[in-house]
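Engineer: What follows is a structure written as structure tokens; I'll ask about it next.
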Amino acid sequence: MNKALYISLILACAAFTRENPFFSTEESSAMPVSSNTVVHKPPLTSMTYSFPDQARVLKEATFTFQNIDGTFETRKLQIDQSIDWRHPLVLSQYGNQKAPSNTQINKSSHADSGLIQFIHSGNRITLVSKDPILRSFSLGDPSSIIIDFVHSSPFNTYEKDLSASPYSKVKVTYHGKFARAHITLDGRYTCTVAKTDQGASVICK
């Protein structure tokens with residue numbers, strides 16, 4: 001009787017014993033398992049990644065891949081180069097595929113409210129006016145630059161869309177004792193405003 005009970009206890013313990021006593025049941029099920037099973041995935045041709053508008057320098061890229069034996073490896077590629085967030089990053093598997101052109105899409109643009117002229121070139125926009133500058137400051141969401149000029153004569157509001165990245169729109173409004181130039185940006189930038197003999201100059205990077 002005792003011998004039969006002893007054998008039953010041994011069999012019960014063996015049934016509930018884990019394969020590896022050093023890992024919890026939860027950890028064991030979560031760990032990747034190495035396997036020689038071939039997993040069929042669609043071939044990588046090309047894919048793109050769009051950067052957020054505050055990105056300026058790509059420091060590194062991390063690749064995690066699965067080996068033929070089922071194990072996983074992670075490799076880091078050091079880059080540390082400046083980027084233009086307006087253009088997506090293209091990852092292509094085949095060298096004979098033509099990647100999208102990275103040609104600068106900025107286009108010179110000109111706007112004239114009659115009171116203030118806006119002349120765009122690259123990352124600079126120049127404001128030309130006969131009226132002196134009163135003050136300048138920036139606003140967020142959407143990012144924009146405000147420049148006020150001393151002006152007391154009323155005029156109609158002027159507004160124009162620009163194809164002049166990073167500058168997307170200009171607006172000139174009357175505020176009783178001054179005229180306000182409102183320059184809307186297409187993203188987040190570090191901008192500087194400087195007075196010039198003809199008005200003001202704005203540079204955004």
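Just so we're on the same page: first chain in the structure tokens is A, next is B, and so on; residues restart at 1 for each chain, and ligands are numbered from 1 in the order they show up.
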When you look at stretch 54-57 of chain A with a cut-off of 12 Å (counting only C-alpha atoms), what residues show up, excluding the ones that are within fewer than 5 positions of it in the same chain? I need them as a list in words.

Structural biologist: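 So the residues in contact are Gln78, Ile79, Asp80, Gln81, Ser82, Ile83, Asp84, Trp85, Arg86, His87, Pro88, Ser143, Asp186, Gly187, Arg188, Tyr189, Thr190 and Lys205 of chain A.
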
Engineer: Contacts of A:Val172 at 10 Å or less, counting only C-alpha atoms, minus same-chain residues fewer than 4 places along, as a count of residues only?

Structural biologist: 19

Engineer: Write out as a PyMOL selection string the residues lying within 12 Å of A:Ser121, counting only C-alpha atoms and excluding same-chain residues fewer than 3 positions away.

Structural biologist: chain A and resi 106-110+118+124-127+162-167+201-204

Engineer: Can I get the selected residues back with N, CA and C atoms, as a PDB file, in the first residue's frame?

Structural biologist:
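The result, stored in out_21.pdb:
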ATOM      1  N   ASN A 106      12.042  73.468 -52.236  1.00  0.00           N
ATOM      2  CA  ASN A 106      11.762  74.879 -51.994  1.00  0.00           C
ATOM      3  C   ASN A 106      11.646  75.632 -53.313  1.00  0.00           C
ATOM      4  N   LYS A 107      10.674  76.492 -53.405  1.00  0.00           N
ATOM      5  CA  LYS A 107      10.484  77.316 -54.591  1.00  0.00           C
ATOM      6  C   LYS A 107      10.434  78.777 -54.159  1.00  0.00           C
ATOM      7  N   SER A 108      11.136  79.636 -54.886  1.00  0.00           N
ATOM      8  CA  SER A 108      11.086  81.052 -54.573  1.00  0.00           C
ATOM      9  C   SER A 108       9.663  81.549 -54.751  1.00  0.00           C
ATOM     10  N   SER A 109       9.256  82.447 -53.859  1.00  0.00           N
ATOM     11  CA  SER A 109       7.905  82.970 -53.917  1.00  0.00           C
ATOM     12  C   SER A 109       7.926  84.437 -53.513  1.00  0.00           C
ATOM     13  N   HIS A 110       6.990  85.167 -54.056  1.00  0.00           N
ATOM     14  CA  HIS A 110       6.930  86.604 -53.819  1.00  0.00           C
ATOM     15  C   HIS A 110       5.499  86.993 -53.486  1.00  0.00           C
ATOM     16  N   PHE A 118       7.126  90.511 -49.488  1.00  0.00           N
ATOM     17  CA  PHE A 118       7.752  89.315 -48.933  1.00  0.00           C
ATOM     18  C   PHE A 118       8.538  88.649 -50.057  1.00  0.00           C
ATOM     19  N   ARG A 124      15.379  81.781 -46.071  1.00  0.00           N
ATOM     20  CA  ARG A 124      15.239  83.186 -45.683  1.00  0.00           C
ATOM     21  C   ARG A 124      14.029  83.821 -46.376  1.00  0.00           C
ATOM     22  N   ILE A 125      13.325  84.671 -45.637  1.00  0.00           N
ATOM     23  CA  ILE A 125      12.285  85.500 -46.242  1.00  0.00           C
ATOM     24  C   ILE A 125      12.544  86.949 -45.808  1.00  0.00           C
ATOM     25  N   THR A 126      12.575  87.840 -46.780  1.00  0.00           N
ATOM     26  CA  THR A 126      12.878  89.249 -46.534  1.00  0.00           C
ATOM     27  C   THR A 126      11.601  90.069 -46.634  1.00  0.00           C
ATOM     28  N   LEU A 127      11.390  90.930 -45.658  1.00  0.00           N
ATOM     29  CA  LEU A 127      10.234  91.813 -45.654  1.00  0.00           C
ATOM     30  C   LEU A 127      10.709  93.228 -45.983  1.00  0.00           C
ATOM     31  N   LEU A 162       1.970  80.500 -49.790  1.00  0.00           N
ATOM     32  CA  LEU A 162       3.272  80.468 -50.447  1.00  0.00           C
ATOM     33  C   LEU A 162       3.700  79.034 -50.714  1.00  0.00           C
ATOM     34  N   SER A 163       4.325  78.786 -51.864  1.00  0.00           N
ATOM     35  CA  SER A 163       5.023  77.517 -52.100  1.00  0.00           C
ATOM     36  C   SER A 163       6.494  77.814 -51.868  1.00  0.00           C
ATOM     37  N   ALA A 164       6.827  78.094 -50.598  1.00  0.00           N
ATOM     38  CA  ALA A 164       8.151  78.607 -50.256  1.00  0.00           C
ATOM     39  C   ALA A 164       8.602  78.022 -48.922  1.00  0.00           C
ATOM     40  N   SER A 165       8.637  76.697 -48.827  1.00  0.00           N
ATOM     41  CA  SER A 165       9.012  76.042 -47.587  1.00  0.00           C
ATOM     42  C   SER A 165      10.348  76.603 -47.060  1.00  0.00           C
ATOM     43  N   PRO A 166      10.433  76.931 -45.773  1.00  0.00           N
ATOM     44  CA  PRO A 166       9.516  76.598 -44.683  1.00  0.00           C
ATOM     45  C   PRO A 166       8.373  77.576 -44.447  1.00  0.00           C
ATOM     46  N   TYR A 167       8.190  78.523 -45.334  1.00  0.00           N
ATOM     47  CA  TYR A 167       7.145  79.533 -45.168  1.00  0.00           C
ATOM     48  C   TYR A 167       5.930  79.151 -46.005  1.00  0.00           C
ATOM     49  N   SER A 201      14.489  90.727 -41.930  1.00  0.00           N
ATOM     50  CA  SER A 201      14.908  89.470 -42.559  1.00  0.00           C
ATOM     51  C   SER A 201      14.665  88.343 -41.555  1.00  0.00           C
ATOM     52  N   VAL A 202      14.054  87.263 -42.028  1.00  0.00           N
ATOM     53  CA  VAL A 202      13.759  86.108 -41.186  1.00  0.00           C
ATOM     54  C   VAL A 202      14.497  84.890 -41.751  1.00  0.00           C
ATOM     55  N   ILE A 203      15.198  84.166 -40.878  1.00  0.00           N
ATOM     56  CA  ILE A 203      15.885  82.934 -41.276  1.00  0.00           C
ATOM     57  C   ILE A 203      15.401  81.819 -40.340  1.00  0.00           C
ATOM     58  N   CYS A 204      14.910  80.723 -40.911  1.00  0.00           N
ATOM     59  CA  CYS A 204      14.434  79.576 -40.135  1.00  0.00           C
ATOM     60  C   CYS A 204      15.224  78.332 -40.506  1.00  0.00           C
TER      61      CYS A 204
END

Engineer: Using DSSP on the backbone coordinates, identify all residues within stretch 101-141 of chain A classified as strand (DSSP E or B); present the result as a ChimeraX atom specification.

Structural biologist: /A:110-112,117-121,124-128,133-139

Engineer: Those same residues - C-alpha atoms - I'd like them written as a short mmCIF file (atom, residue, chain, number, x, y, z; two decimals), in the first residue's frame.

Structural biologist:
data_model
loop_
_atom_site.label_atom_id
_atom_site.label_comp_id
_atom_site.auth_asym_id
_atom_site.auth_seq_id
_atom_site.Cartn_x
_atom_site.Cartn_y
_atom_site.Cartn_z
CA HIS A 110 6.93 86.60 -53.82
CA ALA A 111 4.02 88.33 -52.09
CA ASP A 112 3.17 92.02 -52.06
CA GLN A 117 6.71 92.89 -49.78
CA PHE A 118 7.75 89.32 -48.93
CA ILE A 119 10.71 87.94 -50.90
CA HIS A 120 11.67 84.30 -50.32
CA SER A 121 15.00 82.62 -51.04
CA ARG A 124 15.24 83.19 -45.68
CA ILE A 125 12.28 85.50 -46.24
CA THR A 126 12.88 89.25 -46.53
CA LEU A 127 10.23 91.81 -45.65
CA VAL A 128 10.50 95.16 -47.44
CA ILE A 133 9.60 97.83 -37.23
CA LEU A 134 7.84 98.05 -33.87
CA ARG A 135 8.48 94.54 -32.51
CA SER A 136 8.73 90.87 -33.45
CA PHE A 137 7.94 87.57 -31.72
CA SER A 138 6.94 83.98 -32.46
CA LEU A 139 3.80 81.91 -31.81
#

Engineer: Measuring between only C-alpha atoms, which one of A:Ser46, A:Thr62, A:Phe72, A:Gly122 shows the shortest distance to A:Val90?

Structural biologist: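 That would be A:Ser46, the residue with the smallest distance to A:Val90.
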
Engineer: Kindly give the distance, in Å, that separates atom CA of A:Gln66 and atom CA of A:His40, rounded to a single decimal.

Structural biologist: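 Here the two named atoms are 11.9 Å from each other.
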
Engineer: Do you have the atom CA of A:Ala200-atom CA of A:Pro132 distance handy?

Structural biologist: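 Computing it gives 9.3 Å between the two atoms.
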
Engineer: Give me the residues within 9 Å of A:Leu91 as a VMD selection string, counting only C-alpha atoms and dropping any in the same chain fewer than 4 places off.

Structural biologist: chain A and resid 45 to 49 99

Engineer: So how many Å separate atom CA of A:Phe51 and atom CA of A:Arg75, to one decimal?

Structural biologist: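 Taking atom CA of A:Phe51 as the start and atom CA of A:Arg75 as the end point, the length is 20.9 Å.
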
Engineer: Name the closest residue to A:Pro52 among the candidates A:Ser153, A:Ser144, A:Leu89, A:Phe178; distances are taken between atoms, counting only C-alpha atoms.

Structural biologist: A:Leu89
